[in-house]
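Have a look at the structure below, then the notes.
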Amino acid sequence: MITLLPSIINVARENNLIINERSLTKKEVLCKCPFCLMDASRPKKFYLSLNPKENIFKCWYWCDLFYYNRDMQEK
Ligand SMILES: [Zn+2]
């Protein structure tokens, strides 16, 4: 069965995250971070990275430690 979009991307869309459409075909999809909002005033920056293959996401700016740690614990 082929899904049109990976689920984490759908979740992002359902939550009205601003996705960098040009990154949709890439391994990591970028969007505006709804947690720290550090990219809100920077039009070309997308700090939240979604990984559709592993269904994980992380913020490369303010939130990254938190998600990094959680990620490590799960492995
Ligand atoms: Zn963030």
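Chain identifiers are assigned as A, B, and so on, following the order in which chains appear in the structure tokens; residues are numbered from 1 within each chain, and ligands are numbered from 1 in order of appearance.
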
Q. Please, which residues have at least one atom within 9 Å of an atom of ligand 1, using only C-alpha atoms and all ligand atoms, listed as a count of residues only?
A. 17

Q: Report the residues of segment 6-53 of chain A whose backbone DSSP state falls under alpha helix (DSSP H), written as a ChimeraX atom specification.
A: /A:7-14

Q. Skipping near chain neighbours, those fewer than 3 positions away, what residues fall within 10 Å of segment 18-30 of chain A using only C-alpha atoms, listed as a list in words?
A. Leu5, Ile8, Ile9, Ala12, Arg13, Asn15, Cys33, Pro34, Ala40, Lys44, Lys45, Phe46, Tyr47, Leu48, Ser49, Leu50, Asn51, Pro52, Lys53, Ile56, Phe57, Lys58 and Cys59 of chain A

Kindly export the residues of the current selection with C-alpha atoms, as a short mmCIF file (atom, residue, chain, number, x, y, z; two decimals), in the first residue's frame.
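Saved file selection-v8.cif follows:
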data_model
loop_
_atom_site.label_atom_id
_atom_site.label_comp_id
_atom_site.auth_asym_id
_atom_site.auth_seq_id
_atom_site.Cartn_x
_atom_site.Cartn_y
_atom_site.Cartn_z
CA LEU A 5 2.46 11.33 2.49
CA ILE A 8 4.54 12.53 10.51
CA ILE A 9 4.10 14.93 7.64
CA ALA A 12 2.56 18.43 10.84
CA ARG A 13 -0.01 19.51 8.27
CA ASN A 15 -1.21 21.06 13.17
CA CYS A 33 9.41 24.99 14.91
CA PRO A 34 6.17 25.43 16.87
CA ALA A 40 9.39 32.68 13.23
CA LYS A 44 14.41 31.31 5.22
CA LYS A 45 15.02 29.32 8.38
CA PHE A 46 13.25 26.09 9.25
CA TYR A 47 14.55 24.68 12.50
CA LEU A 48 12.27 21.69 12.94
CA SER A 49 13.34 18.61 11.05
CA LEU A 50 10.91 15.76 10.39
CA ASN A 51 12.16 12.33 9.50
CA PRO A 52 9.30 10.48 7.77
CA LYS A 53 11.21 7.23 7.58
CA ILE A 56 10.82 11.29 14.51
CA PHE A 57 11.28 15.01 14.62
CA LYS A 58 13.75 17.36 16.19
CA CYS A 59 14.46 21.01 16.44
#
